[in-house]
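The file entry.cif contains mmCIF, C-alpha atoms and all ligand atoms:
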data_query
loop_
_atom_site.group_PDB
_atom_site.id
_atom_site.type_symbol
_atom_site.label_atom_id
_atom_site.label_comp_id
_atom_site.auth_asym_id
_atom_site.auth_seq_id
_atom_site.Cartn_x
_atom_site.Cartn_y
_atom_site.Cartn_z
ATOM 1 C CA MET A 1 -9.282 -91.598 4.774
ATOM 2 C CA LYS A 2 -6.450 -89.117 5.287
ATOM 3 C CA LYS A 3 -5.981 -87.470 8.696
ATOM 4 C CA GLN A 4 -6.915 -83.976 7.528
ATOM 5 C CA ARG A 5 -10.207 -85.117 6.020
ATOM 6 C CA PHE A 6 -10.966 -87.271 9.038
ATOM 7 C CA GLU A 7 -10.400 -84.310 11.345
ATOM 8 C CA SER A 8 -12.589 -82.049 9.258
ATOM 9 C CA MET A 9 -15.362 -84.675 9.429
ATOM 10 C CA LEU A 10 -15.058 -84.889 13.226
ATOM 11 C CA GLU A 11 -15.047 -81.090 13.481
ATOM 12 C CA LYS A 12 -18.230 -80.763 11.404
ATOM 13 C CA LEU A 13 -20.003 -83.516 13.328
ATOM 14 C CA SER A 14 -18.983 -81.921 16.624
ATOM 15 C CA THR A 15 -20.816 -78.735 15.690
ATOM 16 C CA CYS A 16 -24.083 -80.715 16.056
ATOM 17 C CA SER A 17 -23.337 -81.641 19.646
ATOM 18 C CA ASP A 18 -25.656 -78.934 20.975
ATOM 19 C CA LYS A 19 -28.581 -80.668 19.200
ATOM 20 C CA VAL A 20 -27.795 -84.387 19.583
ATOM 21 C CA ASP A 21 -25.558 -86.530 21.755
ATOM 22 C CA ILE A 22 -22.528 -87.520 19.736
ATOM 23 C CA GLU A 23 -19.911 -90.106 20.645
ATOM 24 C CA PHE A 24 -17.166 -91.161 18.264
ATOM 25 C CA TYR A 25 -16.154 -94.818 18.006
ATOM 26 C CA LEU A 26 -13.599 -96.170 15.617
ATOM 27 C CA GLN A 27 -12.959 -99.842 14.899
ATOM 28 C CA THR A 28 -9.639 -100.597 13.244
ATOM 29 C CA ASN A 29 -7.027 -103.298 12.833
ATOM 30 C CA GLY A 30 -4.643 -100.688 14.256
ATOM 31 C CA MET A 31 -1.977 -101.237 11.620
ATOM 32 C CA LEU A 32 -1.734 -97.636 10.441
ATOM 33 C CA LEU A 33 -2.016 -95.902 13.797
ATOM 34 C CA ASP A 34 0.721 -93.463 14.770
ATOM 35 C CA GLU A 35 1.179 -90.661 17.310
ATOM 36 C CA GLU A 36 -0.539 -88.149 15.010
ATOM 37 C CA TRP A 37 -3.652 -90.304 14.805
ATOM 38 C CA ILE A 38 -3.622 -90.732 18.571
ATOM 39 C CA ALA A 39 -3.379 -86.940 19.073
ATOM 40 C CA LEU A 40 -6.294 -86.447 16.663
ATOM 41 C CA PHE A 41 -8.423 -89.085 18.447
ATOM 42 C CA SER A 42 -7.513 -87.499 21.749
ATOM 43 C CA ARG A 43 -8.760 -84.058 20.642
ATOM 44 C CA TYR A 44 -12.185 -85.491 19.743
ATOM 45 C CA LYS A 45 -12.354 -88.186 22.468
ATOM 46 C CA VAL A 46 -12.656 -90.998 19.924
ATOM 47 C CA ARG A 47 -12.931 -94.497 21.393
ATOM 48 C CA VAL A 48 -10.627 -96.756 19.428
ATOM 49 C CA GLY A 49 -11.353 -100.485 19.322
ATOM 50 C CA ILE A 50 -8.760 -102.859 17.878
ATOM 51 C CA SER A 51 -9.951 -105.880 15.864
ATOM 52 C CA LEU A 52 -7.942 -109.000 16.600
ATOM 53 C CA ASP A 53 -8.825 -112.663 16.100
ATOM 54 C CA GLY A 54 -6.491 -114.150 18.730
ATOM 55 C CA ASN A 55 -2.766 -114.825 19.060
ATOM 56 C CA LYS A 56 -0.368 -114.392 16.138
ATOM 57 C CA GLU A 57 -0.924 -117.856 14.730
ATOM 58 C CA ILE A 58 -4.734 -117.562 14.841
ATOM 59 C CA ASN A 59 -4.919 -113.930 13.754
ATOM 60 C CA ASP A 60 -2.621 -114.366 10.772
ATOM 61 C CA ARG A 61 -4.611 -117.308 9.380
ATOM 62 C CA HIS A 62 -7.104 -114.867 7.900
ATOM 63 C CA ARG A 63 -5.881 -111.340 8.607
ATOM 64 C CA ILE A 64 -3.221 -110.866 5.968
ATOM 65 C CA ASP A 65 -2.289 -107.841 3.874
ATOM 66 C CA LYS A 66 -2.089 -107.530 0.078
ATOM 67 C CA LYS A 67 1.358 -109.113 0.162
ATOM 68 C CA GLN A 68 -0.046 -112.117 2.064
ATOM 69 C CA ILE A 69 1.867 -111.084 5.186
ATOM 70 C CA GLY A 70 0.166 -111.513 8.575
ATOM 71 C CA THR A 71 -1.020 -108.325 10.264
ATOM 72 C CA TYR A 72 -0.698 -109.367 13.919
ATOM 73 C CA GLU A 73 2.563 -107.551 14.765
ATOM 74 C CA ARG A 74 1.393 -104.275 13.205
ATOM 75 C CA SER A 75 -1.986 -104.530 14.959
ATOM 76 C CA ILE A 76 -0.214 -105.028 18.269
ATOM 77 C CA SER A 77 1.905 -101.907 17.614
ATOM 78 C CA GLY A 78 -1.345 -99.971 17.140
ATOM 79 C CA LEU A 79 -2.838 -101.538 20.253
ATOM 80 C CA ARG A 80 0.218 -100.514 22.312
ATOM 81 C CA LEU A 81 -0.139 -96.887 21.176
ATOM 82 C CA VAL A 82 -3.821 -96.885 22.141
ATOM 83 C CA GLN A 83 -3.117 -98.529 25.512
ATOM 84 C CA ALA A 84 -0.389 -95.978 26.298
ATOM 85 C CA ALA A 85 -2.736 -93.110 25.420
ATOM 86 C CA ILE A 86 -5.494 -94.572 27.616
ATOM 87 C CA SER A 87 -3.152 -94.987 30.583
ATOM 88 C CA GLU A 88 -2.011 -91.349 30.171
ATOM 89 C CA GLY A 89 -5.655 -90.235 30.146
ATOM 90 C CA LYS A 90 -5.479 -89.032 26.534
ATOM 91 C CA LEU A 91 -8.070 -91.485 25.183
ATOM 92 C CA PRO A 92 -11.269 -92.916 26.657
ATOM 93 C CA GLU A 93 -11.328 -96.623 27.614
ATOM 94 C CA SER A 94 -11.585 -99.104 24.746
ATOM 95 C CA GLY A 95 -10.358 -102.600 23.989
ATOM 96 C CA ILE A 96 -10.340 -105.536 21.615
ATOM 97 C CA LEU A 97 -13.130 -106.784 19.393
ATOM 98 C CA CYS A 98 -12.788 -110.420 18.379
ATOM 99 C CA VAL A 99 -15.034 -112.208 15.891
ATOM 100 C CA ILE A 100 -15.519 -115.774 17.133
ATOM 101 C CA ASN A 101 -13.724 -118.416 15.103
ATOM 102 C CA PRO A 102 -15.556 -121.724 15.678
ATOM 103 C CA GLU A 103 -12.321 -123.691 15.209
ATOM 104 C CA VAL A 104 -10.494 -121.848 17.987
ATOM 105 C CA ASP A 105 -10.475 -122.287 21.770
ATOM 106 C CA GLY A 106 -12.140 -119.319 23.479
ATOM 107 C CA GLY A 107 -10.359 -119.783 26.813
ATOM 108 C CA SER A 108 -6.854 -119.550 25.407
ATOM 109 C CA THR A 109 -7.916 -116.592 23.243
ATOM 110 C CA TYR A 110 -9.190 -114.835 26.378
ATOM 111 C CA ARG A 111 -5.943 -115.669 28.239
ATOM 112 C CA HIS A 112 -3.875 -114.210 25.408
ATOM 113 C CA PHE A 113 -5.826 -110.946 25.398
ATOM 114 C CA VAL A 114 -5.826 -110.561 29.182
ATOM 115 C CA ASP A 115 -2.465 -112.040 30.246
ATOM 116 C CA ASP A 116 -0.214 -111.389 27.257
ATOM 117 C CA LEU A 117 -1.686 -108.140 25.947
ATOM 118 C CA GLY A 118 -3.002 -106.681 29.213
ATOM 119 C CA VAL A 119 -6.410 -105.830 27.725
ATOM 120 C CA LYS A 120 -9.269 -105.306 30.164
ATOM 121 C CA ASN A 121 -12.161 -104.520 27.801
ATOM 122 C CA LEU A 122 -13.165 -107.264 25.401
ATOM 123 C CA ASP A 123 -16.033 -108.113 23.149
ATOM 124 C CA PHE A 124 -16.661 -111.319 21.218
ATOM 125 C CA LEU A 125 -18.925 -111.211 18.195
ATOM 126 C CA LEU A 126 -20.901 -113.938 16.488
ATOM 127 C CA PRO A 127 -20.068 -113.771 12.762
ATOM 128 C CA ASP A 128 -22.521 -112.098 10.380
ATOM 129 C CA GLU A 129 -24.138 -115.294 9.081
ATOM 130 C CA SER A 130 -27.681 -115.757 7.814
ATOM 131 C CA HIS A 131 -29.615 -118.988 7.148
ATOM 132 C CA ASP A 132 -28.422 -118.689 3.549
ATOM 133 C CA THR A 133 -24.723 -118.747 4.523
ATOM 134 C CA PHE A 134 -24.419 -120.506 7.899
ATOM 135 C CA ASN A 135 -22.476 -123.778 8.010
ATOM 136 C CA THR A 136 -24.658 -125.974 10.243
ATOM 137 C CA ALA A 137 -21.656 -128.222 10.974
ATOM 138 C CA ASN A 138 -20.420 -125.350 13.169
ATOM 139 C CA SER A 139 -23.565 -125.241 15.285
ATOM 140 C CA GLY A 140 -22.511 -125.615 18.933
ATOM 141 C CA LYS A 141 -18.898 -124.593 18.329
ATOM 142 C CA TYR A 142 -19.671 -120.937 19.065
ATOM 143 C CA ALA A 143 -21.099 -122.002 22.420
ATOM 144 C CA ASN A 144 -17.926 -123.995 23.124
ATOM 145 C CA PHE A 145 -15.902 -120.847 22.478
ATOM 146 C CA LEU A 146 -18.074 -118.636 24.668
ATOM 147 C CA VAL A 147 -18.423 -121.144 27.513
ATOM 148 C CA SER A 148 -14.646 -121.482 27.549
ATOM 149 C CA VAL A 149 -14.282 -117.673 27.725
ATOM 150 C CA PHE A 150 -16.933 -117.537 30.462
ATOM 151 C CA ARG A 151 -15.085 -120.202 32.467
ATOM 152 C CA GLU A 152 -11.826 -118.223 32.417
ATOM 153 C CA TRP A 153 -13.589 -114.963 33.191
ATOM 154 C CA VAL A 154 -15.433 -116.445 36.169
ATOM 155 C CA ALA A 155 -12.194 -118.011 37.442
ATOM 156 C CA ASP A 156 -10.397 -114.651 37.195
ATOM 157 C CA ASN A 157 -13.128 -113.017 39.262
ATOM 158 C CA ASN A 158 -11.642 -109.647 38.369
ATOM 159 C CA PRO A 159 -14.209 -106.810 38.228
ATOM 160 C CA ASN A 160 -11.820 -104.760 36.101
ATOM 161 C CA ILE A 161 -12.124 -107.190 33.186
ATOM 162 C CA SER A 162 -15.181 -106.464 31.102
ATOM 163 C CA ILE A 163 -16.619 -108.692 28.360
ATOM 164 C CA ARG A 164 -19.482 -106.871 26.741
ATOM 165 C CA PHE A 165 -21.286 -109.899 25.253
ATOM 166 C CA LEU A 166 -21.326 -111.776 28.568
ATOM 167 C CA GLU A 167 -22.119 -108.748 30.715
ATOM 168 C CA TYR A 168 -25.054 -107.770 28.516
ATOM 169 C CA HIS A 169 -26.600 -111.221 28.908
ATOM 170 C CA LEU A 170 -25.860 -111.479 32.614
ATOM 171 C CA HIS A 171 -27.558 -108.125 33.014
ATOM 172 C CA LEU A 172 -30.688 -109.405 31.242
ATOM 173 C CA LEU A 173 -30.685 -112.787 32.972
ATOM 174 C CA THR A 174 -30.664 -111.166 36.389
ATOM 175 C CA ARG A 175 -33.552 -108.786 35.655
ATOM 176 C CA ASN A 176 -37.227 -109.554 36.091
ATOM 177 C CA LYS A 177 -39.458 -109.917 33.040
ATOM 178 C CA ALA A 178 -40.742 -106.333 33.167
ATOM 179 C CA ASP A 179 -37.206 -104.892 33.180
ATOM 180 C CA ARG A 180 -36.183 -107.207 30.356
ATOM 181 C CA ARG A 181 -39.103 -105.959 28.279
ATOM 182 C CA ILE A 182 -38.108 -102.344 28.872
ATOM 183 C CA GLN A 183 -34.590 -103.197 27.677
ATOM 184 C CA ARG A 184 -36.018 -105.109 24.700
ATOM 185 C CA ASP A 185 -38.200 -102.157 23.664
ATOM 186 C CA TYR A 186 -35.255 -99.811 24.029
ATOM 187 C CA ASP A 187 -33.012 -102.050 21.890
ATOM 188 C CA ALA A 188 -35.773 -102.478 19.304
ATOM 189 C CA SER A 189 -36.150 -98.707 19.010
ATOM 190 C CA LYS A 190 -32.578 -98.300 17.742
ATOM 191 C CA TYR A 191 -32.178 -97.840 14.039
ATOM 192 C CA ILE A 192 -28.706 -98.025 12.534
ATOM 193 C CA VAL A 193 -27.859 -96.034 9.441
ATOM 194 C CA THR A 194 -24.671 -96.121 7.359
ATOM 195 C CA ILE A 195 -23.433 -92.837 5.917
ATOM 196 C CA SER A 196 -20.490 -93.568 3.655
ATOM 197 C CA SER A 197 -17.598 -91.308 2.731
ATOM 198 C CA ASP A 198 -19.263 -90.738 -0.668
ATOM 199 C CA ALA A 199 -22.188 -89.155 1.253
ATOM 200 C CA THR A 200 -24.691 -91.912 0.487
ATOM 201 C CA ILE A 201 -27.210 -92.976 3.145
ATOM 202 C CA ALA A 202 -27.990 -96.668 3.552
ATOM 203 C CA HIS A 203 -29.205 -99.294 6.000
ATOM 204 C CA ASP A 204 -26.922 -100.885 8.598
ATOM 205 C CA ASP A 205 -23.861 -102.064 6.701
ATOM 206 C CA ILE A 206 -24.209 -105.497 8.305
ATOM 207 C CA PHE A 207 -27.020 -106.236 5.794
ATOM 208 C CA ARG A 208 -24.767 -105.684 2.787
ATOM 209 C CA SER A 209 -23.537 -109.282 2.519
ATOM 210 C CA MET A 210 -27.016 -110.651 3.251
ATOM 211 C CA ASN A 211 -28.975 -108.695 0.686
ATOM 212 C CA PRO A 212 -26.887 -106.495 -1.674
ATOM 213 C CA LYS A 213 -30.097 -105.272 -3.358
ATOM 214 C CA MET A 214 -30.721 -103.138 -0.267
ATOM 215 C CA PHE A 215 -27.626 -101.154 -1.219
ATOM 216 C CA THR A 216 -28.614 -100.174 -4.741
ATOM 217 C CA ASN A 217 -30.231 -96.818 -5.629
ATOM 218 C CA LEU A 218 -28.793 -95.234 -2.511
ATOM 219 C CA LEU A 219 -30.004 -91.938 -1.083
ATOM 220 C CA HIS A 220 -27.620 -88.991 -0.872
ATOM 221 C CA VAL A 221 -27.225 -86.583 2.039
ATOM 222 C CA SER A 222 -27.582 -83.553 -0.253
ATOM 223 C CA GLU A 223 -31.133 -84.426 -1.290
ATOM 224 C CA SER A 224 -32.541 -86.974 1.190
ATOM 225 C CA SER A 225 -33.111 -87.323 4.894
ATOM 226 C CA ILE A 226 -32.533 -90.294 7.185
ATOM 227 C CA SER A 227 -36.301 -90.530 7.721
ATOM 228 C CA GLU A 228 -36.719 -91.359 4.014
ATOM 229 C CA LEU A 229 -34.578 -94.419 4.563
ATOM 230 C CA TYR A 230 -36.505 -95.353 7.703
ATOM 231 C CA LEU A 231 -39.816 -95.047 5.850
ATOM 232 C CA SER A 232 -38.679 -97.042 2.799
ATOM 233 C CA SER A 233 -40.104 -100.565 2.378
ATOM 234 C CA ASP A 234 -36.806 -102.148 3.527
ATOM 235 C CA GLY A 235 -36.670 -99.730 6.449
ATOM 236 C CA LYS A 236 -40.197 -100.584 7.561
ATOM 237 C CA GLN A 237 -39.448 -104.295 7.237
ATOM 238 C CA ILE A 238 -36.305 -103.971 9.374
ATOM 239 C CA ASP A 239 -38.082 -101.882 11.988
ATOM 240 C CA ALA A 240 -41.014 -104.335 12.196
ATOM 241 C CA ALA A 241 -38.663 -107.319 12.459
ATOM 242 C CA HIS A 242 -36.778 -105.668 15.335
ATOM 243 C CA LYS A 243 -40.045 -105.380 17.216
ATOM 244 C CA THR A 244 -41.391 -108.866 16.454
ATOM 245 C CA LEU A 245 -40.366 -112.246 17.820
ATOM 246 C CA PRO A 246 -40.004 -114.901 15.077
ATOM 247 C CA ASP A 247 -42.782 -117.520 15.107
ATOM 248 C CA ASP A 248 -40.167 -120.232 15.844
ATOM 249 C CA CYS A 249 -39.258 -118.517 19.121
ATOM 250 C CA THR A 250 -42.735 -118.480 20.656
ATOM 251 C CA GLY A 251 -42.568 -120.254 24.003
ATOM 252 C CA CYS A 252 -38.753 -120.318 24.155
ATOM 253 C CA ILE A 253 -37.482 -119.830 27.707
ATOM 254 C CA TRP A 254 -34.903 -117.310 26.454
ATOM 255 C CA SER A 255 -37.269 -115.239 24.322
ATOM 256 C CA ASP A 256 -36.994 -112.167 26.602
ATOM 257 C CA VAL A 257 -33.206 -112.379 26.581
ATOM 258 C CA CYS A 258 -32.258 -113.516 23.101
ATOM 259 C CA ARG A 259 -35.373 -112.240 21.290
ATOM 260 C CA GLY A 260 -34.804 -114.405 18.273
ATOM 261 C CA GLY A 261 -31.130 -113.581 17.912
ATOM 262 C CA TYR A 262 -28.997 -110.539 18.484
ATOM 263 C CA HIS A 263 -28.796 -109.341 14.919
ATOM 264 C CA LEU A 264 -31.510 -109.544 12.310
ATOM 265 C CA ILE A 265 -28.987 -110.947 9.874
ATOM 266 C CA HIS A 266 -28.833 -114.109 12.012
ATOM 267 C CA ARG A 267 -32.573 -114.580 11.400
ATOM 268 C CA TYR A 268 -32.549 -113.800 7.700
ATOM 269 C CA LYS A 269 -33.451 -116.351 5.043
ATOM 270 C CA GLU A 270 -34.384 -115.563 1.501
ATOM 271 C CA GLY A 271 -38.144 -115.985 1.196
ATOM 272 C CA SER A 272 -39.164 -115.979 4.858
ATOM 273 C CA LEU A 273 -36.904 -112.956 5.540
ATOM 274 C CA TYR A 274 -36.603 -112.328 9.301
ATOM 275 C CA ASN A 275 -39.288 -114.697 10.581
ATOM 276 C CA ASN A 276 -36.828 -117.420 11.642
ATOM 277 C CA ARG A 277 -34.975 -118.269 14.823
ATOM 278 C CA SER A 278 -31.287 -117.304 14.898
ATOM 279 C CA VAL A 279 -28.757 -119.503 13.137
ATOM 280 C CA TYR A 280 -27.013 -119.457 16.560
ATOM 281 C CA CYS A 281 -30.100 -120.714 18.432
ATOM 282 C CA HIS A 282 -28.369 -123.900 19.661
ATOM 283 C CA ASP A 283 -25.268 -121.960 20.759
ATOM 284 C CA ILE A 284 -27.361 -119.307 22.521
ATOM 285 C CA ASP A 285 -29.288 -122.009 24.368
ATOM 286 C CA ILE A 286 -26.042 -123.517 25.673
ATOM 287 C CA ILE A 287 -24.326 -120.298 26.734
ATOM 288 C CA LEU A 288 -27.429 -118.846 28.448
ATOM 289 C CA GLY A 289 -28.065 -122.210 30.131
ATOM 290 C CA THR A 290 -24.481 -122.273 31.369
ATOM 291 C CA MET A 291 -24.753 -118.760 32.768
ATOM 292 C CA VAL A 292 -28.008 -119.486 34.571
ATOM 293 C CA ASN A 293 -26.688 -122.727 36.055
ATOM 294 C CA THR A 294 -23.470 -121.074 37.187
ATOM 295 C CA MET A 295 -25.376 -118.253 38.887
ATOM 296 C CA SER A 296 -27.772 -120.748 40.420
ATOM 297 C CA LYS A 297 -24.936 -122.744 41.929
ATOM 298 C CA ALA A 298 -23.260 -119.567 43.174
ATOM 299 C CA GLY A 299 -26.539 -118.643 44.896
ATOM 300 C CA VAL A 300 -26.912 -115.306 43.133
ATOM 301 C CA LEU A 301 -30.175 -115.952 41.261
ATOM 302 C CA ARG A 302 -33.208 -114.491 42.988
ATOM 303 C CA LYS A 303 -36.085 -116.820 43.902
ATOM 304 C CA GLU A 304 -38.409 -115.719 41.076
ATOM 305 C CA LEU A 305 -35.624 -116.219 38.522
ATOM 306 C CA LEU A 306 -34.805 -119.656 39.941
ATOM 307 C CA GLU A 307 -38.464 -120.494 39.377
ATOM 308 C CA GLU A 308 -38.572 -118.942 35.906
ATOM 309 C CA PHE A 309 -35.503 -120.867 34.748
ATOM 310 C CA SER A 310 -36.158 -124.057 36.720
ATOM 311 C CA GLY A 311 -36.686 -125.974 33.453
ATOM 312 C CA VAL A 312 -33.044 -125.500 32.454
ATOM 313 C CA ILE A 313 -31.320 -125.712 35.828
ATOM 314 C CA ASN A 314 -29.495 -128.986 36.284
ATOM 315 C CA ASP A 315 -26.165 -130.216 37.591
ATOM 316 C CA LYS A 316 -24.614 -131.023 34.251
ATOM 317 C CA ILE A 317 -23.596 -127.672 32.838
ATOM 318 C CA VAL A 318 -22.336 -125.811 35.890
ATOM 319 C CA LEU A 319 -18.875 -124.306 35.801
ATOM 320 C CA THR A 320 -16.859 -125.330 38.843
HETATM 321 S S1 LIG A 401 -33.314 -117.930 18.595
HETATM 322 FE FE1 LIG A 401 -33.505 -119.811 19.782
HETATM 323 S S2 LIG A 401 -32.772 -119.257 21.847
HETATM 324 FE FE2 LIG A 401 -33.253 -117.361 20.770
HETATM 325 S S3 LIG A 401 -35.388 -116.880 21.339
HETATM 326 FE FE3 LIG A 401 -35.418 -118.029 19.391
HETATM 327 S S4 LIG A 401 -35.715 -120.177 19.982
HETATM 328 FE FE4 LIG A 401 -35.007 -119.040 21.807
#
Take the structure I supplied and represent it as structure tokens, if you would.
Ligand code: SF4
Amino acid sequence: MKKQRFESMLEKLSTCSDKVDIEFYLQTNGMLLDEEWIALFSRYKVRVGISLDGNKEINDRHRIDKKQIGTYERSISGLRLVQAAISEGKLPESGILCVINPEVDGGSTYRHFVDDLGVKNLDFLLPDESHDTFNTANSGKYANFLVSVFREWVADNNPNISIRFLEYHLHLLTRNKADRRIQRDYDASKYIVTISSDATIAHDDIFRSMNPKMFTNLLHVSESSISELYLSSDGKQIDAAHKTLPDDCTGCIWSDVCRGGYHLIHRYKEGSLYNNRSVYCHDIDIILGTMVNTMSKAGVLRKELLEEFSGVINDKIVLT
């Protein structure tokens, strides 16, 4: 999208700010950013996240342009512009988003982002895999990545470094059951809608690769409302799945924290739809177990939580 059109979109959306809370977030590889973009983002307080897979060698394995040239250097140029604008107070805080590569070491990826690039806000995402696409040979490798990140983060002991994935789970793991349920109900009440630049309204774009049929016969903003999407059969199915624990997860010690997986796509399987545990179940079990054991050893888990998680507390998976 060209700058002028982007600005006109932000301007129009901003006119609704007296009716709804609006925050602008933009996720980009950063390659095309320049001072004009930064000035535009600054005017509308857009949070700009940069997508990066790791260091140059790792990033350029998959992130290449049409000429097959790696994008790392150009992404870093964009990142530097954003960092400069943040430090001058022109842009709100933002950071790097990294999709976890199961073949890569999480600890050295974290060290690169923090030590080499000076980034303080990070997030690591589990890839958008469903039971129909997940490679089971990779089960456990995502936990290795995250445990390695967690180890470095704990060792740094720097409150200025934020890792959204880990902080979200630490927050839940240190709450009592009632508070976790409040958070769960709040998360389940969110409903994500995609409005594309051609003015069509659709479900969360994350479902596109999982079930392309959900993205046919799209609604249009000129003649439909978002509630029509919400009340469609797919919409009702998604909403119900958000609010329901998969049968497989009944009795799981992490059910209040993981709730069957963080994204519905991780539960999806053709036929049984969302009534399955996450494809990352094994990885989630390891990373949550590691967090609980580390907090237990550090003496920061309250008595009732020590009792609740006593079945997974042991000496074998504590970070030292
Ligand atoms: S996906 Fe696995 S870890 Fe998560 S609640 Fe279900 S059984 Fe537990």
Q.
Just to confirm, what's the straight-line distance from CA of Asp123 in chain A to CA of Asn144 in chain A in Å (one decimal)?
A.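 So the two atoms, CA of Asp123 in chain A and CA of Asn144 in chain A, lie 16.0 Å apart.
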Q. Residues at most 10 Å from range 220-235 of chain A, counting all atoms listed in the file, excluding those fewer than 6 positions away in the same chain, as a list of chain:residue names?
A. A:Tyr191, A:Ile192, A:Val193, A:Thr194, A:Ile195, A:Ser196, A:Asp198, A:Ala199, A:Thr200, A:Ile201, A:Ala202, A:His203, A:Met214, A:Ala241
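Once all atoms listed in the file are used for the distance check, the residues close to ligand LIG 401 (chain A) at 6 Å turn out to be Cys249, Cys252, Trp254, Ser255, Cys258, Arg259, Gly260, Gly261, Arg277, Ser278, Cys281, Ile284 and Asp285 of chain A.
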Q.
Please expand the PyMOL selection byres (((chain A and resi 11-24) around 8) and not hetatm) into the concrete residues it hits in this file, giving the result as an MDAnalysis selection string.
A. chainID A and resid 7:10 25:26 44:47
Q.
Applying the PyMOL selection byres (((chain A and resi 76-81) around 6) and not hetatm) to the file I just gave you, which residues come out? Please list them as a ChimeraX atom specification.
A. /A:30-31,33,73-75,82-84
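For the pair CA of Asp128 in chain A and CA of His263 in chain A, the interatomic distance is 8.2 Å.
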Q: Would you translate the PyMOL selection byres (((chain A and resi 170-177) around 10) and not hetatm) into the concrete set of residues it matches in this file, as JSON, numbers by chain?
A: {"A": [164, 165, 166, 167, 168, 169, 178, 179, 180, 181, 182, 183, 184, 254, 256, 257, 258, 288, 291, 292, 295, 300, 301, 302, 304, 305, 308, 309]}
Give me the residues of range 155-246 of chain A that have any atom at most 12 Å from an atom of range 96-116 of chain A; for each, the nearest atom pair and the distance in Å, rounded to one decimal. Use all atoms listed in the file, sort by chain and number, and format it as JSON lines.
{"residue": "A:Ala155", "atom": "CA", "partner": "A:Gly107", "partner_atom": "CA", "distance": 10.9}
{"residue": "A:Asp156", "atom": "CA", "partner": "A:Arg111", "partner_atom": "CA", "distance": 10.1}
{"residue": "A:Asn158", "atom": "CA", "partner": "A:Val114", "partner_atom": "CA", "distance": 10.9}
{"residue": "A:Asn160", "atom": "CA", "partner": "A:Val114", "partner_atom": "CA", "distance": 10.8}
{"residue": "A:Ile161", "atom": "CA", "partner": "A:Val114", "partner_atom": "CA", "distance": 8.2}
{"residue": "A:Ser162", "atom": "CA", "partner": "A:Val114", "partner_atom": "CA", "distance": 10.4}
{"residue": "A:Ile163", "atom": "CA", "partner": "A:Ile96", "partner_atom": "CA", "distance": 9.7}
{"residue": "A:Arg164", "atom": "CA", "partner": "A:Leu97", "partner_atom": "CA", "distance": 9.7}
{"residue": "A:Phe165", "atom": "CA", "partner": "A:Leu97", "partner_atom": "CA", "distance": 10.5}
Just write the chosen residues, C-alpha atoms, as a PDB file, in the coordinates of the input.
ATOM      1  CA  ALA A 155     -12.194-118.011  37.442  1.00  0.00           C
ATOM      2  CA  ASP A 156     -10.397-114.651  37.195  1.00  0.00           C
ATOM      3  CA  ASN A 158     -11.642-109.647  38.369  1.00  0.00           C
ATOM      4  CA  ASN A 160     -11.820-104.760  36.101  1.00  0.00           C
ATOM      5  CA  ILE A 161     -12.124-107.190  33.186  1.00  0.00           C
ATOM      6  CA  SER A 162     -15.181-106.464  31.102  1.00  0.00           C
ATOM      7  CA  ILE A 163     -16.619-108.692  28.360  1.00  0.00           C
ATOM      8  CA  ARG A 164     -19.482-106.871  26.741  1.00  0.00           C
ATOM      9  CA  PHE A 165     -21.286-109.899  25.253  1.00  0.00           C
TER      10      PHE A 165
END
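Minimum atom-to-atom distance to Ile38 in chain A, evaluated using all atoms listed in the file, belongs to A:Lys90 out of A:Lys90, A:Lys2, A:Lys56, A:Lys67.
You will find CA of Ser296 in chain A at 7.6 Å from CA of Ile313 in chain A.
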Q. What lies within 8 Å of Ile265 in chain A using only C-alpha atoms, ignoring chain neighbours under 3 positions off, as a PyMOL selection string?
A. chain A and resi 128-130+206-207+210+268+274
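Of the listed residues A:Glu93, A:Asp283, A:Glu270, A:Gln4, the one whose atoms come nearest to Asn121 in chain A is A:Glu93, with distances taken using all atoms listed in the file.
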